[in-house]
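This is data-v2.cif. It holds mmCIF, C-alpha atoms.
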```cif
data_model
loop_
_atom_site.label_atom_id
_atom_site.label_comp_id
_atom_site.auth_asym_id
_atom_site.auth_seq_id
_atom_site.Cartn_x
_atom_site.Cartn_y
_atom_site.Cartn_z
CA MET A 26 106.19 64.34 74.60
CA THR A 27 107.80 66.58 72.00
CA GLU A 28 106.84 66.54 68.34
CA GLU A 29 110.04 64.67 67.51
CA GLU A 30 109.39 62.04 70.18
CA PHE A 31 105.84 61.58 69.00
CA ASP A 32 106.94 61.23 65.37
CA ALA A 33 109.56 58.64 66.31
CA PHE A 34 107.07 56.67 68.41
CA TYR A 35 104.54 56.83 65.59
CA ALA A 36 107.01 55.60 62.99
CA THR A 37 108.07 52.69 65.21
CA ALA A 38 104.73 51.59 66.61
CA PHE A 39 102.48 52.10 63.58
CA PRO A 40 103.57 49.00 61.61
CA ARG A 41 103.41 46.73 64.65
CA LEU A 42 99.99 48.00 65.67
CA THR A 43 98.71 47.70 62.12
CA GLY A 44 99.69 44.02 62.15
CA GLN A 45 97.91 43.44 65.44
CA LEU A 46 94.81 45.26 64.29
CA PHE A 47 94.82 43.26 61.07
CA ALA A 48 94.59 40.09 63.15
CA PHE A 49 91.64 41.67 64.91
CA THR A 50 89.84 43.12 61.90
CA GLY A 51 90.96 40.86 59.05
CA ASP A 52 91.17 43.90 56.79
CA HIS A 53 94.37 45.80 55.91
CA GLY A 54 92.71 49.10 55.10
CA GLU A 55 90.54 48.98 58.18
CA ALA A 56 93.54 48.22 60.37
CA GLN A 57 95.53 51.14 58.97
CA ASP A 58 92.56 53.49 59.25
CA VAL A 59 91.84 52.79 62.90
CA VAL A 60 95.50 52.87 63.95
CA GLN A 61 96.00 56.18 62.15
CA GLU A 62 92.88 57.61 63.77
CA ALA A 63 94.07 56.42 67.18
CA PHE A 64 97.36 58.30 66.68
CA VAL A 65 95.49 61.47 65.73
CA ARG A 66 93.51 61.21 68.96
CA ALA A 67 96.67 60.42 70.89
CA TRP A 68 98.34 63.66 69.80
CA ASP A 69 95.27 65.62 70.79
CA ARG A 70 95.18 63.96 74.22
CA ARG A 71 98.84 63.78 75.00
CA ARG A 72 98.44 64.16 78.75
CA GLU A 73 95.96 61.31 79.06
CA PHE A 74 97.95 59.22 76.62
CA LEU A 75 101.22 59.65 78.53
CA ALA A 76 99.68 59.45 81.99
CA ASP A 77 98.57 55.94 81.12
CA GLY A 78 102.22 54.82 81.16
CA ALA A 79 101.79 52.41 78.25
CA PRO A 80 101.34 54.56 75.15
CA GLU A 81 101.30 51.67 72.70
CA ALA A 82 98.64 49.86 74.72
CA TRP A 83 96.63 53.11 74.81
CA ILE A 84 96.77 53.38 71.03
CA ARG A 85 95.85 49.72 70.58
CA THR A 86 92.88 50.01 72.91
CA VAL A 87 91.59 53.10 71.10
CA ALA A 88 92.13 51.47 67.70
CA MET A 89 90.30 48.30 68.75
CA ARG A 90 87.36 50.29 70.09
CA LEU A 91 87.25 52.26 66.86
CA ALA A 92 87.25 49.03 64.87
CA VAL A 93 84.41 47.61 66.97
CA SER A 94 82.44 50.81 66.58
CA ARG A 95 82.97 50.77 62.81
CA TRP A 96 81.89 47.15 62.56
CA ARG A 97 78.69 47.85 64.38
CA ARG A 98 77.90 50.77 62.13
CA ALA A 99 78.88 48.80 59.02
CA ARG A 100 76.86 45.78 60.10
CA ARG A 101 73.73 47.85 60.52
CA TRP A 102 74.36 49.44 57.15
CA LEU A 103 74.97 46.09 55.44
CA GLU A 104 71.90 44.57 56.99
CA LEU A 105 69.91 47.36 55.48
CA MET A 106 71.56 47.76 52.11
CA ARG A 107 73.28 44.61 50.90
CA ARG A 108 74.34 41.07 51.64
CA ASP A 109 77.84 41.04 50.10
CA PRO A 110 80.97 40.89 52.31
CA PRO A 111 83.02 44.10 52.53
CA PRO A 112 85.69 44.46 49.81
CA GLU A 113 89.36 43.90 50.59
CA HIS A 114 91.44 47.09 50.46
CA ALA A 115 94.69 45.18 49.93
CA PRO A 116 95.71 41.83 48.47
CA GLY A 117 94.64 38.98 50.75
CA PRO A 118 97.06 36.84 52.73
CA GLU A 119 98.60 33.52 51.65
CA PRO A 120 96.17 30.57 51.58
CA GLU A 121 97.30 29.28 54.98
CA ARG A 122 96.95 32.74 56.48
CA ALA A 123 93.65 33.21 54.72
CA VAL A 124 92.26 30.23 56.63
CA LEU A 125 93.34 31.81 59.92
CA VAL A 126 91.95 35.22 58.94
CA ASP A 127 88.70 33.61 57.94
CA ALA A 128 88.53 31.63 61.18
CA LEU A 129 89.24 34.76 63.22
CA ARG A 130 86.56 36.67 61.38
CA ARG A 131 84.03 34.04 62.28
CA LEU A 132 84.72 34.37 65.98
CA PRO A 133 82.39 36.58 67.96
CA GLU A 134 83.89 40.03 68.50
CA ALA A 135 84.57 39.57 72.24
CA GLN A 136 86.28 36.20 71.75
CA ARG A 137 88.40 37.55 68.90
CA MET A 138 89.53 40.52 70.97
CA ALA A 139 90.45 38.26 73.88
CA VAL A 140 92.37 35.86 71.64
CA VAL A 141 94.31 38.64 69.90
CA LEU A 142 95.16 40.49 73.11
CA HIS A 143 96.19 37.34 74.96
CA HIS A 144 97.93 35.33 72.26
CA LEU A 145 99.28 38.05 69.99
CA CYS A 146 99.78 41.07 72.24
CA ASP A 147 101.00 38.99 75.22
CA LEU A 148 98.55 40.42 77.71
CA SER A 149 97.77 38.28 80.73
CA VAL A 150 94.19 37.19 81.38
CA GLU A 151 93.95 39.86 84.08
CA GLN A 152 95.24 42.54 81.69
CA VAL A 153 92.76 41.46 79.03
CA ALA A 154 90.01 41.68 81.65
CA SER A 155 91.14 45.17 82.59
CA GLU A 156 91.38 46.31 78.97
CA THR A 157 88.03 44.93 77.91
CA GLY A 158 86.18 45.71 81.13
CA ALA A 159 85.08 42.09 81.55
CA PRO A 160 85.50 39.87 84.64
CA VAL A 161 88.50 37.52 84.63
CA GLY A 162 86.24 34.46 84.53
CA THR A 163 84.47 35.83 81.47
CA VAL A 164 87.79 36.43 79.72
CA LYS A 165 88.88 32.87 80.49
CA ALA A 166 85.65 31.55 79.04
CA ARG A 167 86.02 33.71 75.92
CA LEU A 168 89.58 32.53 75.41
CA SER A 169 88.59 28.94 75.88
CA ARG A 170 85.68 29.16 73.47
CA GLY A 171 87.68 31.18 70.98
CA ARG A 172 90.54 28.72 70.96
CA ALA A 173 88.18 25.79 70.64
CA ALA A 174 86.45 27.42 67.69
CA LEU A 175 89.77 28.22 66.01
CA ALA A 176 91.01 24.70 66.63
CA ARG A 177 87.93 23.29 64.94
CA GLU A 178 88.52 25.54 61.96
CA LEU A 179 92.30 25.15 61.70
CA ALA A 180 92.83 21.57 62.84
CA PRO A 181 89.59 19.62 62.76
CA GLY A 182 89.37 17.06 65.57
CA GLU A 183 91.46 18.99 68.12
CA GLY A 184 88.75 21.36 69.23
CA GLU A 185 87.36 19.15 71.96
CA LYS A 186 90.77 18.56 73.55
CA GLU A 187 91.38 22.28 73.94
CA HIS A 188 88.03 23.08 75.41
CA GLY A 189 88.23 24.43 78.96
CA ARG A 190 92.03 24.87 79.13
CA VAL A 191 93.25 28.38 79.65
CA ARG A 192 96.92 29.16 79.64
CA MET B 8 97.15 24.67 70.26
CA SER B 9 97.97 27.74 72.42
CA ASP B 10 101.62 27.98 71.35
CA GLU B 11 100.74 27.09 67.81
CA LEU B 12 97.99 29.71 67.78
CA THR B 13 100.37 32.34 69.15
CA ARG B 14 102.95 31.49 66.49
CA ARG B 15 100.45 31.66 63.67
CA LEU B 16 98.93 34.88 64.92
CA ARG B 17 102.37 36.51 65.14
CA GLU B 18 103.25 35.43 61.64
CA LEU B 19 99.96 36.80 60.41
CA ALA B 20 100.49 40.12 62.19
CA GLU B 21 104.09 40.47 60.98
CA GLU B 22 103.03 39.79 57.43
CA ALA B 23 100.32 42.44 57.73
CA GLU B 24 102.57 45.15 59.16
CA ALA B 25 102.40 48.28 57.03
CA PRO B 26 104.30 51.55 57.12
CA PRO B 27 102.42 54.72 58.05
CA ARG B 28 100.45 56.33 55.21
CA LEU B 29 101.06 59.79 56.65
CA PRO B 30 104.20 61.25 58.25
CA GLY B 31 104.08 62.13 61.92
CA ALA B 32 103.64 65.80 61.02
CA GLY B 33 100.54 64.88 59.03
CA ILE B 34 99.02 63.17 62.05
CA ARG B 35 99.74 66.19 64.22
CA ALA B 36 98.30 68.52 61.59
CA ALA B 37 95.14 66.41 61.35
CA ALA B 38 94.76 66.63 65.12
CA GLY B 39 95.23 70.40 64.93
CA ARG B 40 92.62 70.80 62.20
CA ARG B 41 90.16 68.75 64.18
CA ARG B 42 90.78 70.86 67.30
CA HIS B 43 90.20 73.98 65.25
CA ARG B 44 86.93 72.61 63.89
CA ARG B 45 85.76 71.78 67.41
CA ARG B 46 86.55 75.30 68.57
CA THR B 47 84.75 76.79 65.61
CA THR B 48 81.70 74.61 66.25
CA ALA B 49 81.75 75.59 69.91
CA PHE B 50 82.04 79.22 68.90
CA LEU B 51 79.08 78.98 66.53
CA ALA B 52 77.02 77.11 69.11
CA GLY B 53 77.97 79.67 71.74
CA GLY B 54 77.04 82.46 69.33
CA CYS B 55 73.61 80.94 68.76
CA VAL B 56 73.04 80.65 72.50
CA ALA B 57 74.25 84.21 73.06
CA ALA B 58 72.02 85.51 70.27
CA THR B 59 69.02 83.69 71.70
CA LEU B 60 69.75 85.03 75.17
CA ALA B 61 70.20 88.52 73.79
CA ALA B 62 66.88 88.29 71.96
CA VAL B 63 65.11 87.04 75.08
CA LEU B 64 66.65 89.77 77.23
CA THR B 65 65.79 92.45 74.69
CA VAL B 66 62.17 91.37 74.62
CA HIS B 67 62.16 91.21 78.41
CA VAL B 68 63.64 94.67 78.85
CA THR B 69 61.42 96.36 76.29
CA GLY B 70 58.40 94.69 77.82
CA GLU B 71 59.08 95.91 81.36
CA GLY B 72 61.34 98.91 81.14
CA THR B 73 59.64 101.24 78.72
CA GLY B 74 60.94 104.78 78.65
CA HIS B 75 64.55 103.94 79.43
CA GLY B 76 66.61 106.06 77.14
CA ALA B 77 69.90 105.57 78.92
CA GLU B 78 71.02 102.37 77.32
CA GLN B 79 74.61 101.68 78.23
CA ARG B 80 76.47 100.68 75.11
CA SER B 81 79.37 98.34 75.31
CA SER B 82 81.86 97.54 72.60
CA PRO B 83 80.09 95.41 69.96
CA LEU B 84 82.87 92.88 69.93
CA ALA B 85 83.40 92.72 73.66
CA PRO B 86 82.84 89.33 75.19
CA PRO B 87 79.31 89.24 76.63
CA GLY B 88 78.78 89.20 80.37
CA PRO B 89 80.98 90.23 83.23
CA ASP B 90 83.07 87.06 83.36
CA ARG B 91 85.29 86.91 80.29
CA SER B 92 87.50 84.13 81.50
CA ALA B 93 85.02 81.41 80.61
CA ASP B 94 84.78 82.36 76.94
CA ARG B 95 88.15 83.92 76.33
CA ASP B 96 88.94 81.39 73.59
CA VAL B 97 85.93 82.41 71.53
CA PRO B 98 87.23 84.31 68.49
CA TYR B 99 85.63 87.65 67.91
CA VAL B 100 87.75 88.48 64.89
CA THR B 101 89.08 86.07 62.33
CA VAL B 102 91.95 86.79 59.98
CA ASP B 103 92.00 84.35 57.10
CA LEU B 104 95.49 84.36 55.58
CA SER B 105 94.35 82.33 52.58
CA ARG B 106 91.72 84.89 51.58
CA GLN B 107 93.60 87.89 53.00
CA VAL B 108 90.56 89.17 54.83
CA LEU B 109 89.76 90.12 58.39
CA ALA B 110 86.21 89.22 59.39
CA ALA B 111 84.54 91.07 62.23
CA GLU B 112 80.92 91.78 63.01
CA GLY B 113 79.73 90.66 59.61
CA ARG B 114 82.27 92.79 57.75
CA GLU B 115 85.16 91.46 55.71
CA LEU B 116 88.09 93.84 55.45
CA PRO B 117 91.05 93.37 53.08
CA VAL B 118 94.43 93.10 54.76
CA SER B 119 98.11 93.01 53.88
CA LEU B 120 100.15 90.24 55.42
CA GLY B 121 103.73 89.15 56.05
CA THR B 122 106.05 88.00 53.31
CA THR B 123 107.34 84.44 53.09
CA GLY B 124 110.49 85.49 54.96
CA THR B 125 108.54 87.32 57.63
CA PRO B 126 105.29 85.40 57.89
CA THR B 127 102.32 86.61 59.87
CA PRO B 128 102.00 84.56 63.06
CA THR B 129 98.98 82.27 63.24
CA GLY B 130 96.83 80.80 65.97
CA LEU B 131 94.44 81.93 68.61
CA MET B 132 95.45 85.28 70.09
CA THR B 133 94.14 87.87 72.46
CA VAL B 134 94.44 91.66 72.39
CA THR B 135 97.00 92.63 75.04
CA GLY B 136 97.64 96.25 74.09
CA LYS B 137 96.14 99.17 72.17
CA GLU B 138 97.83 102.35 71.04
CA THR B 139 96.46 104.98 68.71
CA VAL B 140 99.97 105.95 67.62
CA ARG B 141 103.15 103.97 67.89
CA LEU B 142 106.70 104.46 66.62
CA VAL B 143 108.00 101.26 65.16
CA SER B 144 111.52 100.30 64.11
CA GLY B 145 111.89 98.38 60.89
CA GLY B 146 108.44 99.35 59.78
CA ARG B 147 105.79 96.94 58.73
CA GLU B 148 107.18 96.55 55.26
CA ALA B 149 109.75 93.81 54.67
CA SER B 150 111.90 96.34 52.84
CA ASP B 151 111.89 98.85 55.73
CA ALA B 152 114.99 97.53 57.47
CA THR B 153 116.27 100.79 58.93
CA ARG B 154 113.31 103.11 58.74
CA SER B 155 111.23 104.11 61.74
CA VAL B 156 107.59 104.84 61.09
CA ARG B 157 104.61 106.07 63.05
CA LEU B 158 101.79 103.61 63.01
CA ARG B 159 98.18 104.32 63.78
CA TRP B 160 95.56 102.19 65.46
CA VAL B 161 97.94 99.51 66.72
CA LEU B 162 96.50 96.38 68.33
CA GLU B 163 99.05 94.15 69.98
CA LEU B 164 98.17 90.44 70.12
CA ALA B 165 99.62 87.63 72.21
CA PRO B 166 99.11 83.91 71.69
CA LEU B 167 96.32 82.41 73.68
CA ASP B 168 97.42 78.92 74.53
CA ARG B 169 95.89 77.54 77.64
CA THR B 170 98.38 74.71 77.92
CA ASP B 171 101.20 77.23 78.47
CA LEU B 172 99.39 79.37 80.99
CA ALA B 173 98.89 78.85 84.67
CA PRO B 174 95.37 79.55 85.92
CA GLY B 175 94.85 83.31 85.92
CA GLU B 176 98.10 84.00 84.07
CA LYS B 177 97.87 86.45 81.18
CA PRO B 178 99.61 85.89 77.85
CA LYS B 179 102.91 87.73 77.52
CA PRO B 180 102.75 90.91 75.41
CA GLY B 181 104.87 91.16 72.30
CA THR B 182 104.92 87.43 71.62
CA GLY B 183 102.19 87.32 69.00
CA ALA B 184 101.04 89.45 66.10
CA TYR B 185 100.17 93.08 65.44
CA ILE B 186 97.30 94.70 63.64
CA ALA B 187 97.66 98.28 62.50
CA SER B 188 96.65 100.81 59.92
CA ALA B 189 98.43 100.95 56.63
CA LEU B 190 100.22 104.28 56.10
CA THR B 191 97.78 107.05 55.38
CA ASP B 192 98.91 107.48 51.81
CA GLU B 193 98.74 103.83 50.88
CA GLU B 194 96.16 101.22 50.30
CA VAL B 195 96.20 97.60 51.31
CA ALA B 196 98.44 95.47 49.11
CA PRO B 197 96.88 93.46 46.29
CA ARG B 198 95.61 90.07 47.35
CA ASP B 199 98.28 88.14 45.54
CA ARG B 200 101.19 90.07 47.04
CA ASP B 201 102.21 90.12 50.69
CA THR B 202 104.36 93.02 51.78
CA THR B 203 104.61 93.41 55.53
CA ALA B 204 107.16 92.23 58.06
CA GLY B 205 104.58 90.01 59.74
CA TRP B 206 102.07 92.73 60.58
CA ILE B 207 98.43 92.62 59.59
CA THR B 208 97.63 96.00 58.09
CA LEU B 209 94.26 97.43 57.19
CA ARG B 210 93.03 100.46 55.31
CA PRO B 211 93.19 103.44 57.71
CA THR B 212 89.42 103.77 58.01
CA ASP B 213 89.04 100.04 58.61
CA ALA B 214 91.86 100.04 61.17
CA ALA B 215 90.26 102.92 63.09
CA TRP B 216 86.92 101.12 63.10
CA LEU B 217 88.44 97.85 64.31
CA TYR B 218 90.42 99.68 66.99
CA GLU B 219 87.18 101.04 68.43
CA GLN B 220 85.48 97.66 68.33
CA LEU B 221 88.14 95.51 69.95
CA PRO B 222 88.68 95.76 73.70
CA GLU B 223 91.70 94.32 75.43
CA GLY B 224 91.05 90.65 76.08
CA ALA B 225 89.11 90.16 72.84
CA VAL B 226 90.09 87.07 70.92
CA VAL B 227 91.50 87.10 67.41
CA GLU B 228 91.95 83.93 65.43
CA ILE B 229 94.54 84.03 62.65
CA VAL B 230 93.90 81.10 60.36
CA ALA B 231 96.93 79.82 58.45
CA ARG B 232 97.01 79.27 54.73
CA SER B 233 95.91 75.79 53.83
CA THR B 234 98.85 74.78 51.62
CA PRO B 235 101.91 75.24 53.87
CA ALA B 236 102.13 73.41 57.19
CA THR B 237 100.70 75.29 60.13
CA PRO B 238 103.41 76.52 62.50
CA ALA B 239 103.29 74.76 65.85
CA ALA B 240 103.43 77.97 67.81
CA PRO B 241 102.90 81.63 66.95
CA THR B 242 106.02 83.39 65.84
CA THR B 243 106.95 86.96 66.53
CA PRO B 244 107.03 89.42 63.67
CA LYS B 245 110.43 90.86 62.92
CA ALA B 246 109.33 94.45 63.20
CA THR B 247 109.52 95.04 66.91
CA PRO B 248 107.82 98.13 68.23
CA LYS B 249 110.11 100.49 70.17
CA THR B 250 108.10 100.84 73.31
CA ALA B 251 110.56 103.42 74.68
CA GLN B 252 109.89 105.74 71.78
CA VAL B 253 106.15 105.50 71.68
CA THR B 254 104.65 108.85 70.92
CA PRO B 255 101.88 110.20 73.11
CA THR B 256 98.73 108.24 72.49
CA THR B 257 96.36 110.91 71.42
CA THR B 258 93.26 110.18 69.53
CA PRO B 259 93.44 112.05 66.27
#
```
As structure tokens, how would this structure be written, given the file I've shared?
Amino acid sequence: MTEEEFDAFYATAFPRLTGQLFAFTGDHGEAQDVVQEAFVRAWDRRREFLADGAPEAWIRTVAMRLAVSRWRRARRWLELMRRDPPPEHAPGPEPERAVLVDALRRLPEAQRMAVVLHHLCDLSVEQVASETGAPVGTVKARLSRGRAALARELAPGEGEKEHGRVR
Amino acid sequence: MSDELTRRLRELAEEAEAPPRLPGAGIRAAAGRRRHRRRTTAFLAGGCVAATLAAVLTVHVTGEGTGHGAEQRSSPLAPPGPDRSADRDVPYVTVDLSRQVLAAEGRELPVSLGTTGTPTPTGLMTVTGKETVRLVSGGREASDATRSVRLRWVLELAPLDRTDLAPGEKPKPGTGAYIASALTDEEVAPRDRDTTAGWITLRPTDAAWLYEQLPEGAVVEIVARSTPATPAAPTTPKATPKTAQVTPTTTP
């Protein structure tokens, strides 16, 4: 990949990936940080990044792992130092979106990743399993529980109906 | 709920899309800086290990081999050990273009560098040739377009880029930078004024000292100035040595 090709790919994929990572992290600044960091690593590991055959998926995977790693560090720090939620780096979403962001944030990390990869990034259950290193059955369970939890938050009363159904 | 969830997630993601905060070149530069830091850390760590080993060996030798006067001296800046291939990326000399100094063996020597039009190449290089005297067309000064000059203590450097080299392949000569003595009747240019056609020139006494210290295969790192963007690959200085007219290499 030449410098020009990398720059073009970066300019095209960065906004899309930032949107996807926002759904995962619920924080604009965090999403931009991890996607940018993933691109820095991608340029340094061009061979690995291109050998994968799906450069955008490679970036997304790295960015998601970075986000998870940051959360874990931040959570330990917050547990020690303070009880307040982390500040927003950018203006929050519209009220309707805010409900979704809030509901996503409340999902356990593994369920949120499965939901975002499957429903937003269009990965099949098998692909999500491959990307997260979890068995297919576990991914199905995470998706089911994640959807049920979101349904309870977003449309109270529908959560039970969704439970156990995996697309 | 599945389709509805997908729709709402996509709307959320589209709304949150943001343009890059840095241009692509900035990302590549950040990756380059990080690679450089890793190499420097590895170099320092390797230096500590080498120093420890040297100390241990010295103690060992003096403890067992008393009376040995015939200590075989090697070049102080030569890579330690018989196998140089493993540590050939370890810089033994660093030229800092920002500070206009060449650092070697704890010494910092002032240097003159290339002008804006004929910048000094940067990057990790290796010494591929040494000549005590060399006739050069164009000179080392940007203004020396037609003049031919005799240079002393010339070290020829070639870029050391493992990604371009096959295993065992040596870097091509003449594709990197040159270090040489300033003319005998001149001093190194003031720090705020670059004068050469891409060459790195030292005071004659410093150049002679460095020439003795650096063996072929030694690594020289030329660190770019921090303000302009770092060139992706080393560039060749405009003053090309006339290899056909090289004067006999006699040590003065």
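If you count only C-alpha atoms and ignore residues fewer than 4 places along the chain from Pro30 in chain B, what sits within 9 Å of it is Asp32, Tyr35 and Ala36 of chain A; Ile34 and Arg35 of chain B.
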Q: Find the residues of chain B in contact range of chain A, meaning any atom within 9 Å when counting only C-alpha atoms, and list them as a ChimeraX atom specification.
A: /B:8-10,12-32,34-39,41-42
Q.
Which residues, named as in the file, does the PyMOL selection byres ((chain B and resi 162) around 12) pick out? Answer as a ChimeraX atom specification.
A. /B:132-141,158-161,163-165,180-181,183-188,206-209,214-227,248
Writer output for current selection, C-alpha atoms, as a PDB file, keeping the file's coordinate frame:
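Below is the file again09.pdb, written as the result:
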```pdb
ATOM      1  CA  MET B 132      95.450  85.280  70.090  1.00  0.00           C
ATOM      2  CA  THR B 133      94.140  87.870  72.460  1.00  0.00           C
ATOM      3  CA  VAL B 134      94.440  91.660  72.390  1.00  0.00           C
ATOM      4  CA  THR B 135      97.000  92.630  75.040  1.00  0.00           C
ATOM      5  CA  GLY B 136      97.640  96.250  74.090  1.00  0.00           C
ATOM      6  CA  LYS B 137      96.140  99.170  72.170  1.00  0.00           C
ATOM      7  CA  GLU B 138      97.830 102.350  71.040  1.00  0.00           C
ATOM      8  CA  THR B 139      96.460 104.980  68.710  1.00  0.00           C
ATOM      9  CA  VAL B 140      99.970 105.950  67.620  1.00  0.00           C
ATOM     10  CA  ARG B 141     103.150 103.970  67.890  1.00  0.00           C
ATOM     11  CA  LEU B 158     101.790 103.610  63.010  1.00  0.00           C
ATOM     12  CA  ARG B 159      98.180 104.320  63.780  1.00  0.00           C
ATOM     13  CA  TRP B 160      95.560 102.190  65.460  1.00  0.00           C
ATOM     14  CA  VAL B 161      97.940  99.510  66.720  1.00  0.00           C
ATOM     15  CA  GLU B 163      99.050  94.150  69.980  1.00  0.00           C
ATOM     16  CA  LEU B 164      98.170  90.440  70.120  1.00  0.00           C
ATOM     17  CA  ALA B 165      99.620  87.630  72.210  1.00  0.00           C
ATOM     18  CA  PRO B 180     102.750  90.910  75.410  1.00  0.00           C
ATOM     19  CA  GLY B 181     104.870  91.160  72.300  1.00  0.00           C
ATOM     20  CA  GLY B 183     102.190  87.320  69.000  1.00  0.00           C
ATOM     21  CA  ALA B 184     101.040  89.450  66.100  1.00  0.00           C
ATOM     22  CA  TYR B 185     100.170  93.080  65.440  1.00  0.00           C
ATOM     23  CA  ILE B 186      97.300  94.700  63.640  1.00  0.00           C
ATOM     24  CA  ALA B 187      97.660  98.280  62.500  1.00  0.00           C
ATOM     25  CA  SER B 188      96.650 100.810  59.920  1.00  0.00           C
ATOM     26  CA  TRP B 206     102.070  92.730  60.580  1.00  0.00           C
ATOM     27  CA  ILE B 207      98.430  92.620  59.590  1.00  0.00           C
ATOM     28  CA  THR B 208      97.630  96.000  58.090  1.00  0.00           C
ATOM     29  CA  LEU B 209      94.260  97.430  57.190  1.00  0.00           C
ATOM     30  CA  ALA B 214      91.860 100.040  61.170  1.00  0.00           C
ATOM     31  CA  ALA B 215      90.260 102.920  63.090  1.00  0.00           C
ATOM     32  CA  TRP B 216      86.920 101.120  63.100  1.00  0.00           C
ATOM     33  CA  LEU B 217      88.440  97.850  64.310  1.00  0.00           C
ATOM     34  CA  TYR B 218      90.420  99.680  66.990  1.00  0.00           C
ATOM     35  CA  GLU B 219      87.180 101.040  68.430  1.00  0.00           C
ATOM     36  CA  GLN B 220      85.480  97.660  68.330  1.00  0.00           C
ATOM     37  CA  LEU B 221      88.140  95.510  69.950  1.00  0.00           C
ATOM     38  CA  PRO B 222      88.680  95.760  73.700  1.00  0.00           C
ATOM     39  CA  GLU B 223      91.700  94.320  75.430  1.00  0.00           C
ATOM     40  CA  GLY B 224      91.050  90.650  76.080  1.00  0.00           C
ATOM     41  CA  ALA B 225      89.110  90.160  72.840  1.00  0.00           C
ATOM     42  CA  VAL B 226      90.090  87.070  70.920  1.00  0.00           C
ATOM     43  CA  VAL B 227      91.500  87.100  67.410  1.00  0.00           C
ATOM     44  CA  PRO B 248     107.820  98.130  68.230  1.00  0.00           C
TER      45      PRO B 248
END
```
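The space between CA of Thr101 in chain B and CA of Val156 in chain B spans 26.4 Å.
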Q: I would like the residues chosen by the PyMOL selection byres ((chain A and resi 135) around 10) on the shown file; could you give them as a count of residues only?
A: 16
Q) What is the distance between CA of Pro166 in chain B and CA of Gly130 in chain B, in Å to one decimal? A) 6.9 Å
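As for CA of Ala82 in chain A and CA of Ser149 in chain A, they are spaced 13.1 Å apart.
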Q: Give as an MDAnalysis selection string the residues that the PyMOL selection byres ((chain A and resi 92) around 8) matches when applied to the coordinates above.
A: chainID A and resid 50 55:56 59 88:91 93:96
Could you please fill out range 75-88 of chain A with N, CA and C atoms and send it back as a PDB file, keeping the file's coordinate frame?
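Everything below was put into rebuild22.pdb:
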```pdb
ATOM      1  N   LEU A  75      99.961  59.891  77.851  1.00  0.00           N
ATOM      2  CA  LEU A  75     101.220  59.650  78.530  1.00  0.00           C
ATOM      3  C   LEU A  75     101.011  59.238  79.983  1.00  0.00           C
ATOM      4  N   ALA A  76      99.958  59.778  80.589  1.00  0.00           N
ATOM      5  CA  ALA A  76      99.680  59.450  81.990  1.00  0.00           C
ATOM      6  C   ALA A  76      99.395  57.962  82.140  1.00  0.00           C
ATOM      7  N   ASP A  77      98.908  57.357  81.095  1.00  0.00           N
ATOM      8  CA  ASP A  77      98.570  55.940  81.120  1.00  0.00           C
ATOM      9  C   ASP A  77      99.815  55.075  81.345  1.00  0.00           C
ATOM     10  N   GLY A  78     100.976  55.555  80.926  1.00  0.00           N
ATOM     11  CA  GLY A  78     102.220  54.820  81.160  1.00  0.00           C
ATOM     12  C   GLY A  78     102.525  53.761  80.124  1.00  0.00           C
ATOM     13  N   ALA A  79     101.572  53.418  79.297  1.00  0.00           N
ATOM     14  CA  ALA A  79     101.790  52.410  78.250  1.00  0.00           C
ATOM     15  C   ALA A  79     101.201  52.953  76.958  1.00  0.00           C
ATOM     16  N   PRO A  80     101.928  53.865  76.303  1.00  0.00           N
ATOM     17  CA  PRO A  80     101.340  54.560  75.150  1.00  0.00           C
ATOM     18  C   PRO A  80     100.900  53.623  74.029  1.00  0.00           C
ATOM     19  N   GLU A  81     101.677  52.575  73.803  1.00  0.00           N
ATOM     20  CA  GLU A  81     101.300  51.670  72.700  1.00  0.00           C
ATOM     21  C   GLU A  81     100.012  50.924  73.039  1.00  0.00           C
ATOM     22  N   ALA A  82      99.876  50.535  74.307  1.00  0.00           N
ATOM     23  CA  ALA A  82      98.640  49.860  74.720  1.00  0.00           C
ATOM     24  C   ALA A  82      97.450  50.817  74.609  1.00  0.00           C
ATOM     25  N   TRP A  83      97.703  52.088  74.919  1.00  0.00           N
ATOM     26  CA  TRP A  83      96.630  53.110  74.810  1.00  0.00           C
ATOM     27  C   TRP A  83      96.153  53.202  73.369  1.00  0.00           C
ATOM     28  N   ILE A  84      97.111  53.282  72.450  1.00  0.00           N
ATOM     29  CA  ILE A  84      96.770  53.380  71.030  1.00  0.00           C
ATOM     30  C   ILE A  84      96.004  52.138  70.582  1.00  0.00           C
ATOM     31  N   ARG A  85      96.496  50.972  71.014  1.00  0.00           N
ATOM     32  CA  ARG A  85      95.850  49.720  70.580  1.00  0.00           C
ATOM     33  C   ARG A  85      94.411  49.652  71.085  1.00  0.00           C
ATOM     34  N   THR A  86      94.232  50.050  72.343  1.00  0.00           N
ATOM     35  CA  THR A  86      92.880  50.010  72.910  1.00  0.00           C
ATOM     36  C   THR A  86      91.938  50.932  72.126  1.00  0.00           C
ATOM     37  N   VAL A  87      92.414  52.139  71.850  1.00  0.00           N
ATOM     38  CA  VAL A  87      91.590  53.100  71.100  1.00  0.00           C
ATOM     39  C   VAL A  87      91.290  52.545  69.709  1.00  0.00           C
ATOM     40  N   ALA A  88      92.319  51.995  69.060  1.00  0.00           N
ATOM     41  CA  ALA A  88      92.130  51.470  67.700  1.00  0.00           C
ATOM     42  C   ALA A  88      91.137  50.317  67.694  1.00  0.00           C
TER      43      ALA A  88
END
```
